[in-house]
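**Student:** Dropping in run_27.cif, with mmCIF, C-alpha atoms.
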```cif
data_model
#
loop_
_atom_site.label_atom_id
_atom_site.label_comp_id
_atom_site.auth_asym_id
_atom_site.auth_seq_id
_atom_site.Cartn_x
_atom_site.Cartn_y
_atom_site.Cartn_z
CA MET D 1 0.00 0.00 0.00
CA SER D 2 1.34 3.43 -0.87
CA GLY D 3 1.52 5.79 2.07
CA ALA D 4 0.40 8.67 -0.11
CA THR D 5 -3.04 10.13 0.59
CA PRO D 6 -4.72 12.38 -1.98
CA PRO D 7 -2.86 15.68 -1.58
CA PRO D 8 -4.32 19.11 -2.31
CA ASP D 9 -4.82 19.73 -6.01
CA ALA D 10 -1.89 21.94 -6.89
CA VAL D 11 0.57 19.99 -4.76
CA GLY D 12 -0.65 16.69 -6.20
CA ARG D 13 -0.38 18.00 -9.75
CA ALA D 14 3.09 19.31 -9.01
CA ALA D 15 4.20 15.95 -7.56
CA ARG D 16 2.93 14.14 -10.64
CA ALA D 17 4.55 16.63 -13.00
CA LEU D 18 7.86 16.26 -11.17
CA ARG D 19 7.64 12.45 -11.34
CA GLU D 20 6.83 12.46 -15.05
CA ASP D 21 9.33 15.13 -16.12
CA PRO D 22 12.55 13.65 -17.53
CA GLU D 23 15.45 14.51 -15.23
CA PRO D 24 17.79 16.82 -17.22
CA GLY D 25 21.39 15.67 -17.37
CA TRP D 26 20.57 12.09 -16.39
CA ALA D 27 22.30 10.57 -19.44
CA GLU D 28 25.65 12.11 -18.43
CA VAL D 29 25.30 11.11 -14.79
CA ARG D 30 24.33 7.58 -15.83
CA ALA D 31 27.28 7.17 -18.19
CA ALA D 32 29.86 8.47 -15.71
CA GLY D 33 28.30 6.60 -12.77
CA LEU D 34 28.18 3.27 -14.57
CA VAL D 35 31.81 3.53 -15.64
CA ARG D 36 32.87 4.39 -12.08
CA ALA D 37 30.77 1.60 -10.56
CA LEU D 38 31.77 -1.17 -12.94
CA ARG D 39 35.46 -0.24 -12.65
CA SER D 40 35.33 -0.22 -8.87
CA VAL D 41 36.74 -3.18 -7.04
CA ARG D 42 34.37 -5.15 -4.88
CA PRO D 43 35.61 -6.45 -1.54
CA SER D 44 36.92 -9.91 -2.28
CA VAL D 45 38.98 -12.82 -1.03
CA PRO D 46 41.97 -14.18 -3.00
CA VAL D 47 41.61 -17.80 -4.09
CA ARG D 48 44.75 -19.84 -4.78
CA ALA D 49 45.20 -21.04 -8.35
CA GLU D 50 47.72 -23.48 -9.79
CA ALA D 51 50.75 -21.36 -10.65
CA PRO D 52 52.78 -21.86 -13.83
CA PRO D 53 56.35 -23.12 -13.15
CA ALA D 54 57.98 -19.68 -13.34
CA VAL D 55 55.42 -18.00 -11.05
CA ALA D 56 55.73 -18.22 -7.29
CA ALA D 57 52.05 -17.85 -6.48
CA LEU D 58 48.86 -17.09 -8.36
CA THR D 59 45.51 -16.03 -6.94
CA VAL D 60 42.14 -15.12 -8.41
CA SER D 61 39.64 -12.98 -6.51
CA ASP D 62 36.49 -14.80 -5.44
CA ASP D 63 34.47 -11.98 -7.06
CA VAL D 64 36.03 -12.70 -10.47
CA LEU D 65 35.65 -16.42 -9.89
CA GLN D 66 31.95 -16.01 -9.14
CA ARG D 67 31.42 -14.09 -12.37
CA LEU D 68 33.20 -16.80 -14.36
CA LEU D 69 31.26 -19.59 -12.68
CA ARG D 70 27.93 -17.87 -13.23
CA ARG D 71 28.78 -17.30 -16.90
CA ALA D 72 29.72 -20.96 -17.28
CA VAL D 73 26.21 -21.93 -16.20
CA THR D 74 24.22 -19.26 -18.03
CA ASP D 75 26.14 -19.79 -21.29
CA ALA D 76 25.43 -23.52 -21.21
CA GLU D 77 21.92 -23.62 -19.73
CA VAL D 78 19.46 -21.14 -21.24
CA ASP D 79 16.66 -22.20 -18.89
CA VAL D 80 18.64 -21.93 -15.66
CA GLU D 81 18.86 -18.73 -13.62
CA VAL D 82 21.70 -18.64 -11.09
CA GLN D 83 20.16 -16.93 -8.06
CA SER D 84 23.03 -17.27 -5.62
CA LEU D 85 26.60 -18.44 -5.73
CA ARG D 86 28.82 -18.66 -2.69
CA CYS D 87 32.48 -19.61 -2.71
CA THR D 88 34.00 -20.90 0.52
CA VAL D 89 37.75 -20.50 0.76
CA SER D 90 39.85 -22.58 3.14
CA GLU D 91 42.41 -21.13 5.56
CA ASP D 92 45.09 -22.05 3.01
CA GLY D 93 43.32 -19.95 0.36
CA ASP D 94 41.99 -22.93 -1.61
CA LEU D 95 38.49 -22.95 -3.05
CA ALA D 96 36.88 -25.56 -0.83
CA ARG D 97 33.21 -25.35 -1.76
CA VAL D 98 30.90 -23.71 -4.26
CA ALA D 99 27.24 -23.51 -3.28
CA ALA D 100 24.86 -22.49 -6.05
CA GLY D 101 21.15 -21.79 -5.80
CA VAL D 102 19.42 -22.02 -9.17
CA ALA D 103 15.96 -21.64 -10.64
CA GLY D 104 14.90 -24.15 -13.30
CA VAL D 105 11.76 -24.54 -15.37
CA TRP D 106 8.70 -26.70 -14.66
CA ASP D 107 8.96 -29.29 -17.38
CA ASP D 108 12.68 -30.03 -16.97
CA ASP D 109 14.02 -32.94 -14.94
CA LEU D 110 15.46 -30.78 -12.19
CA GLU D 111 17.73 -33.47 -10.81
CA VAL D 112 19.38 -33.84 -14.21
CA VAL D 113 19.61 -30.06 -14.54
CA ALA D 114 21.24 -29.78 -11.11
CA ARG D 115 23.84 -32.40 -12.05
CA ARG D 116 24.63 -30.58 -15.28
CA VAL D 117 25.02 -27.29 -13.40
CA GLN D 118 27.27 -29.04 -10.90
CA GLU D 119 29.44 -30.29 -13.74
CA HIS D 120 29.63 -26.86 -15.44
CA LEU D 121 30.75 -25.30 -12.16
CA ARG D 122 33.30 -27.98 -11.40
CA ARG D 123 34.77 -27.89 -14.91
CA ARG D 124 35.05 -24.09 -14.99
CA ALA D 125 36.61 -23.95 -11.53
CA ARG D 126 39.22 -26.48 -12.61
CA GLU D 127 39.91 -24.55 -15.83
CA VAL D 128 40.57 -21.40 -13.84
CA LEU D 129 42.27 -22.80 -10.75
CA GLY D 130 43.88 -25.96 -12.11
CA THR D 131 44.90 -28.56 -9.59
CA ALA D 132 44.15 -26.12 -6.74
CA ALA D 133 40.49 -27.03 -7.24
CA ARG D 134 41.11 -30.77 -6.99
CA GLU D 135 39.26 -31.20 -3.70
CA LEU D 136 36.41 -28.88 -4.62
CA VAL D 137 32.90 -29.70 -3.38
CA VAL D 138 30.06 -28.32 -5.49
CA ASP D 139 26.55 -28.10 -4.04
CA VAL D 140 23.65 -27.17 -6.28
CA THR D 141 20.20 -26.47 -4.87
CA VAL D 142 17.15 -25.81 -7.01
CA VAL D 143 15.63 -22.92 -5.09
CA ASP D 144 12.88 -21.94 -7.51
CA VAL D 145 10.95 -23.26 -10.49
CA GLU D 146 9.67 -20.93 -13.17
CA ALA D 147 7.50 -21.17 -16.27
CA PRO D 148 9.48 -22.02 -19.43
CA ARG D 149 10.76 -18.93 -21.20
CA GLU D 150 8.92 -17.97 -24.35
CA VAL D 151 11.00 -18.48 -27.47
CA THR D 152 10.27 -16.00 -30.22
CA PRO D 153 9.99 -17.78 -33.59
CA ARG D 154 12.37 -16.43 -36.20
CA MET V 1 9.00 -10.88 -19.73
CA THR V 2 10.62 -8.00 -17.82
CA ALA V 3 13.02 -9.12 -15.09
CA THR V 4 12.08 -7.96 -11.61
CA ASP V 5 14.37 -5.74 -9.57
CA GLU V 6 15.22 -8.71 -7.38
CA ILE V 7 16.30 -10.89 -10.29
CA LEU V 8 18.38 -8.05 -11.74
CA ALA V 9 19.94 -7.39 -8.33
CA ARG V 10 20.88 -11.07 -7.95
CA ARG V 11 22.46 -11.11 -11.40
CA ALA V 12 24.30 -7.86 -10.71
CA GLY V 13 25.43 -9.23 -7.37
CA LEU V 14 27.05 -12.07 -9.28
CA GLY V 15 28.87 -9.64 -11.55
CA ASP V 16 26.40 -9.07 -14.39
CA GLY V 17 27.06 -5.46 -15.45
CA ASP V 18 24.20 -5.45 -17.98
CA ALA V 19 21.69 -6.32 -15.25
CA PHE V 20 23.13 -3.53 -13.11
CA ALA V 21 22.69 -1.06 -16.00
CA VAL V 22 19.01 -2.01 -16.26
CA LEU V 23 18.57 -1.36 -12.53
CA VAL V 24 20.34 1.97 -12.93
CA ASP V 25 18.05 2.94 -15.82
CA ARG V 26 15.04 1.96 -13.77
CA HIS V 27 15.85 3.87 -10.58
CA GLY V 28 18.65 6.31 -11.43
CA PRO V 29 16.49 9.24 -12.59
CA ALA V 30 14.51 9.08 -9.33
CA LEU V 31 17.74 9.06 -7.32
CA LEU V 32 18.98 12.13 -9.18
CA ARG V 33 15.61 13.87 -8.72
CA TYR V 34 15.79 13.26 -4.97
CA ALA V 35 19.46 14.29 -4.62
CA ARG V 36 18.92 17.52 -6.53
CA ARG V 37 16.12 18.52 -4.19
CA LEU V 38 18.02 17.69 -1.03
CA LEU V 39 21.30 19.32 -2.06
CA ASP V 40 21.45 22.88 -3.32
CA VAL V 41 24.51 22.48 -5.56
CA PRO V 42 23.64 20.49 -8.73
CA ALA V 43 27.18 19.14 -9.16
CA GLU V 44 27.08 17.75 -5.62
CA ALA V 45 23.82 15.96 -6.34
CA GLU V 46 25.28 14.41 -9.48
CA ASP V 47 28.45 13.30 -7.68
CA CYS V 48 26.32 11.92 -4.91
CA VAL V 49 24.29 9.74 -7.29
CA GLN V 50 27.48 8.47 -8.92
CA ASP V 51 28.80 7.58 -5.46
CA VAL V 52 25.59 5.68 -4.79
CA LEU V 53 25.98 3.67 -8.01
CA VAL V 54 29.45 2.66 -6.85
CA ASP V 55 28.10 1.83 -3.37
CA ALA V 56 25.32 -0.24 -4.92
CA TRP V 57 27.64 -2.19 -7.22
CA LYS V 58 29.94 -2.99 -4.31
CA GLY V 59 27.07 -3.72 -1.94
CA LEU V 60 24.94 -5.96 -4.15
CA PRO V 61 26.80 -9.21 -3.39
CA GLY V 62 25.90 -8.72 0.28
CA PHE V 63 22.36 -7.37 -0.25
CA ARG V 64 19.98 -9.39 1.93
CA TYR V 65 16.65 -8.51 0.24
CA GLU V 66 15.10 -7.41 3.54
CA ALA V 67 13.91 -4.28 1.72
CA SER V 68 13.05 -3.65 -1.91
CA VAL V 69 15.94 -2.72 -4.19
CA LYS V 70 14.40 0.74 -4.66
CA THR V 71 14.20 1.33 -0.89
CA TRP V 72 17.78 0.12 -0.47
CA LEU V 73 19.05 2.46 -3.20
CA PHE V 74 17.30 5.41 -1.59
CA THR V 75 18.80 4.42 1.76
CA LEU V 76 22.29 4.45 0.25
CA LEU V 77 21.50 7.85 -1.24
CA ARG V 78 20.19 9.24 2.03
CA HIS V 79 23.52 8.36 3.68
CA ARG V 80 25.49 10.04 0.89
CA VAL V 81 23.25 13.13 0.93
CA SER V 82 23.61 13.42 4.71
CA GLN V 83 27.39 13.34 4.37
CA ARG V 84 27.30 16.24 1.93
CA ALA V 85 24.57 18.32 3.52
CA ARG V 86 26.54 19.42 6.57
CA ARG V 87 25.18 22.94 6.41
CA VAL V 88 21.58 21.82 7.01
CA PRO V 89 20.68 21.92 10.72
CA ALA V 90 20.98 18.41 12.10
CA SER V 91 17.57 18.52 13.78
CA GLY V 92 15.94 19.47 10.50
CA SER V 93 13.74 21.84 12.48
CA LEU V 94 14.48 25.02 10.58
CA PRO V 95 14.47 25.85 6.88
CA HIS V 96 17.79 27.18 5.64
CA VAL V 97 16.41 29.62 3.07
CA ASP V 98 14.92 33.08 3.18
CA VAL V 99 11.14 32.60 3.30
CA ASP V 100 10.38 36.04 1.84
CA GLU V 101 12.75 35.42 -1.05
CA VAL V 102 11.02 32.14 -1.89
CA ALA V 103 7.57 33.72 -1.63
CA GLU V 104 8.66 36.43 -4.03
CA ARG V 105 9.98 33.91 -6.55
CA LEU V 106 6.79 31.90 -6.30
CA ALA V 107 4.75 35.02 -7.03
CA ASP V 108 7.01 35.80 -10.01
CA LEU V 109 6.57 32.30 -11.40
CA ARG V 110 2.80 32.50 -11.01
CA ALA V 111 2.62 35.91 -12.68
CA ASP V 112 5.01 35.19 -15.55
CA PRO V 113 2.97 35.74 -18.73
CA ALA V 114 5.64 34.00 -20.79
CA ARG V 115 4.85 30.64 -19.16
CA SER V 116 4.28 28.31 -22.08
CA ASN V 117 4.15 25.08 -20.13
CA GLU V 118 1.92 24.95 -17.06
CA GLY V 119 3.45 21.66 -15.84
CA ARG V 120 7.00 22.94 -16.05
CA ALA V 121 6.09 26.18 -14.29
CA LEU V 122 4.35 24.19 -11.57
CA VAL V 123 7.46 22.04 -11.07
CA ALA V 124 9.56 25.21 -10.84
CA ALA V 125 7.14 26.57 -8.24
CA LEU V 126 7.23 23.29 -6.35
CA ASP V 127 11.03 23.39 -6.32
CA GLU V 128 10.89 26.85 -4.79
CA ALA V 129 8.29 25.73 -2.25
CA LEU V 130 10.29 22.63 -1.31
CA ARG V 131 13.11 24.90 -0.17
CA LEU V 132 10.83 26.05 2.63
CA LEU V 133 10.76 22.55 4.12
CA PRO V 134 13.36 21.31 6.59
CA SER V 135 15.36 18.52 5.01
CA ARG V 136 13.58 15.61 6.70
CA GLN V 137 10.12 16.91 5.78
CA ARG V 138 11.35 17.47 2.25
CA ALA V 139 12.82 13.98 2.04
CA ALA V 140 9.67 12.35 3.47
CA TRP V 141 7.44 14.28 1.08
CA ILE V 142 9.49 13.46 -2.02
CA LEU V 143 9.79 9.77 -1.12
CA THR V 144 6.06 9.27 -0.53
CA GLU V 145 4.37 11.74 -2.88
CA VAL V 146 6.78 11.75 -5.81
CA GLU V 147 8.51 8.37 -5.59
CA GLN V 148 5.40 6.66 -4.13
CA LEU V 149 7.13 4.74 -1.37
CA SER V 150 4.89 3.52 1.46
CA TYR V 151 5.17 5.07 4.93
CA ALA V 152 7.07 1.98 6.06
CA GLU V 153 9.52 2.20 3.16
CA THR V 154 10.03 5.92 3.70
CA ALA V 155 10.60 5.27 7.39
CA ARG V 156 13.22 2.69 6.52
CA VAL V 157 15.04 5.10 4.22
CA LEU V 158 14.99 7.87 6.82
CA ALA V 159 15.80 5.50 9.72
CA THR V 160 12.70 6.49 11.63
CA SER V 161 9.19 5.16 12.35
CA PRO V 162 6.10 5.27 10.11
CA THR V 163 4.44 7.42 12.77
CA ALA V 164 7.24 9.96 12.54
CA VAL V 165 6.92 9.90 8.75
CA ARG V 166 3.22 10.66 9.08
CA GLY V 167 4.06 13.71 11.21
CA LEU V 168 6.75 14.92 8.79
CA LEU V 169 4.33 14.58 5.90
CA GLU V 170 1.50 16.44 7.60
CA ARG V 171 3.71 19.41 8.29
CA GLY V 172 5.31 19.29 4.85
CA ARG V 173 2.00 19.04 3.02
CA ARG V 174 0.61 22.00 4.96
CA THR V 175 3.56 24.22 4.04
CA LEU V 176 3.47 23.20 0.38
CA ALA V 177 -0.29 23.67 0.11
CA THR V 178 0.05 27.19 1.51
CA ALA V 179 2.99 28.03 -0.74
CA LEU V 180 1.19 26.77 -3.85
CA ALA V 181 -2.24 28.12 -2.91
CA ASP V 182 -2.29 30.46 -5.91
CA TRP V 183 -1.87 27.53 -8.31
CA ARG V 184 -5.25 25.92 -7.64
#
```
Show the structure stored in the file as structure tokens.
**Tutor:**
Amino acid sequence: MSGATPPPDAVGRAARALREDPEPGWAEVRAAGLVRALRSVRPSVPVRAEAPPAVAALTVSDDVLQRLLRRAVTDAEVDVEVQSLRCTVSEDGDLARVAAGVAGVWDDDLEVVARRVQEHLRRRAREVLGTAARELVVDVTVVDVEAPREVTPR
Amino acid sequence: MTATDEILARRAGLGDGDAFAVLVDRHGPALLRYARRLLDVPAEAEDCVQDVLVDAWKGLPGFRYEASVKTWLFTLLRHRVSQRARRVPASGSLPHVDVDEVAERLADLRADPARSNEGRALVAALDEALRLLPSRQRAAWILTEVEQLSYAETARVLATSPTAVRGLLERGRRTLATALADWR
């Protein structure tokens, strides 16, 4: 319920006019704000990756890892929405567990979908982290079921 | 089907910049509208909104969905606006503008024969009248009457109770109705 009660005429008209008026200069603020936001670094935890022979140590931020893992699922499964993705890092900095919450669609076999998602996550983690992800546990929970997406005929 | 704010926020929380841009398009103009009316210097309002976009991008992975995305964004903005609005009395009990000056400008706007757009002139008059409100009344009025948040959502943004919001609104509406009486 909106808390707004019918205001006096002129004030109500003014509120509506203000709401409906385009905000001048928004395009510039949007462009600059988006660039600043997307370039900013989110708080993250370093995750140990297998280092090439000449490199002493290699880490990947868990924020970057999450993006890569989510992409691995959404690129492979058009009907799956990743709703949550949590990486647990051990005291040694190894990726110990990935817990994903996904939404599937009604007429899919959700157990099969969950196993495929599990495999996408495991494979991508190993591609990025190499042998450092050897002991990785991947949990996938189907947290929601949605209607199949409409496909527009070409 | 249009993705809900919550779905977009979850995607953005997992690093999807395109989903974040959709959220920004959906709520950004309202954030700028609010900031411009709470801060007197336009450049400060614009910087403030940009800061909020950065705060939101960084904060989305930890967002708990206890409030709507819109309410959360306005809460981030309220914090940023408060940081910049040091000159406004902390109690919000007194307006920081010359009442006579505002009344004069309102009369000028009303009498201007060159007004070609009634809506635009009314918004200009409203902007003058809003300056008469202490910042918390102004914020409460904009959030409920312009941005159509509920009392509970407005209370959450302003870190107060719905009862207090009701009081702020009553006083704010009375002042605005008086200031815009000639526009009926």
**Student:** Which residues of chain D are close to chain V, meaning at most 10 Å apart when you count all atoms listed in the file, and how do they look as a VMD selection string?
**Tutor:** chain D and resid 1 to 43 63 to 71 81 to 86 149 to 150
**Student:** Please measure the separation of CA of Asp98 (chain V) and CA of Leu130 (chain V), giving the value in Å to one decimal.
**Tutor:**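 Separation between CA of Asp98 (chain V) and CA of Leu130 (chain V): 12.3 Å.
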**Student:** Mind checking which residues fall within 8 Å of region 158-160 of chain V, counting all atoms listed in the file, ignoring those fewer than 2 positions away in the same chain, and posting them as a PyMOL selection string?
**Tutor:** chain V and resi 75+78+136+140+154-156+162+164-165
**Student:** Can you work out the spacing between CA of Val112 (chain D) and CA of Thr131 (chain D) in Å, to one decimal?
**Tutor:**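 Taking CA of Val112 (chain D) and CA of Thr131 (chain D), their separation equals 26.5 Å.
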**Student:** Residues picked by the PyMOL selection byres ((chain D and resi 104) around 12) here, as a PyMOL selection string?
**Tutor:** chain D and resi 73-74+77-83+101-103+105-114+116-117+140-149
**Student:** Restrict the selected residues to C-alpha atoms and save them as a CSV table (one decimal), in the coordinates of the input.
**Tutor:**
```csv
chain,number,residue,atom,x,y,z
D,73,VAL,CA,26.2,-21.9,-16.2
D,74,THR,CA,24.2,-19.3,-18.0
D,77,GLU,CA,21.9,-23.6,-19.7
D,78,VAL,CA,19.5,-21.1,-21.2
D,79,ASP,CA,16.7,-22.2,-18.9
D,80,VAL,CA,18.6,-21.9,-15.7
D,81,GLU,CA,18.9,-18.7,-13.6
D,82,VAL,CA,21.7,-18.6,-11.1
D,83,GLN,CA,20.2,-16.9,-8.1
D,101,GLY,CA,21.2,-21.8,-5.8
D,102,VAL,CA,19.4,-22.0,-9.2
D,103,ALA,CA,16.0,-21.6,-10.6
D,105,VAL,CA,11.8,-24.5,-15.4
D,106,TRP,CA,8.7,-26.7,-14.7
D,107,ASP,CA,9.0,-29.3,-17.4
D,108,ASP,CA,12.7,-30.0,-17.0
D,109,ASP,CA,14.0,-32.9,-14.9
D,110,LEU,CA,15.5,-30.8,-12.2
D,111,GLU,CA,17.7,-33.5,-10.8
D,112,VAL,CA,19.4,-33.8,-14.2
D,113,VAL,CA,19.6,-30.1,-14.5
D,114,ALA,CA,21.2,-29.8,-11.1
D,116,ARG,CA,24.6,-30.6,-15.3
D,117,VAL,CA,25.0,-27.3,-13.4
D,140,VAL,CA,23.6,-27.2,-6.3
D,141,THR,CA,20.2,-26.5,-4.9
D,142,VAL,CA,17.2,-25.8,-7.0
D,143,VAL,CA,15.6,-22.9,-5.1
D,144,ASP,CA,12.9,-21.9,-7.5
D,145,VAL,CA,11.0,-23.3,-10.5
D,146,GLU,CA,9.7,-20.9,-13.2
D,147,ALA,CA,7.5,-21.2,-16.3
D,148,PRO,CA,9.5,-22.0,-19.4
D,149,ARG,CA,10.8,-18.9,-21.2
```
**Student:** Selected by the PyMOL selection byres ((chain D and resi 133) around 9) in the shown coordinates: which residues, as a VMD selection string?
**Tutor:** chain D and resid 48 to 50 94 to 96 122 125 to 132 134 to 137
**Student:** At a cut-off of 8 Å, using only C-alpha atoms, what residues contact Gly93 (chain D)? Leave out same-chain residues fewer than 4 positions from it and give the result as a ChimeraX atom specification.
**Tutor:** /D:46-48,89
**Student:** Rounded to one decimal in Å, what is the spacing between CA of Thr71 (chain V) and CA of Asp5 (chain V)?
**Tutor:**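 These atoms are spaced 11.2 Å apart.
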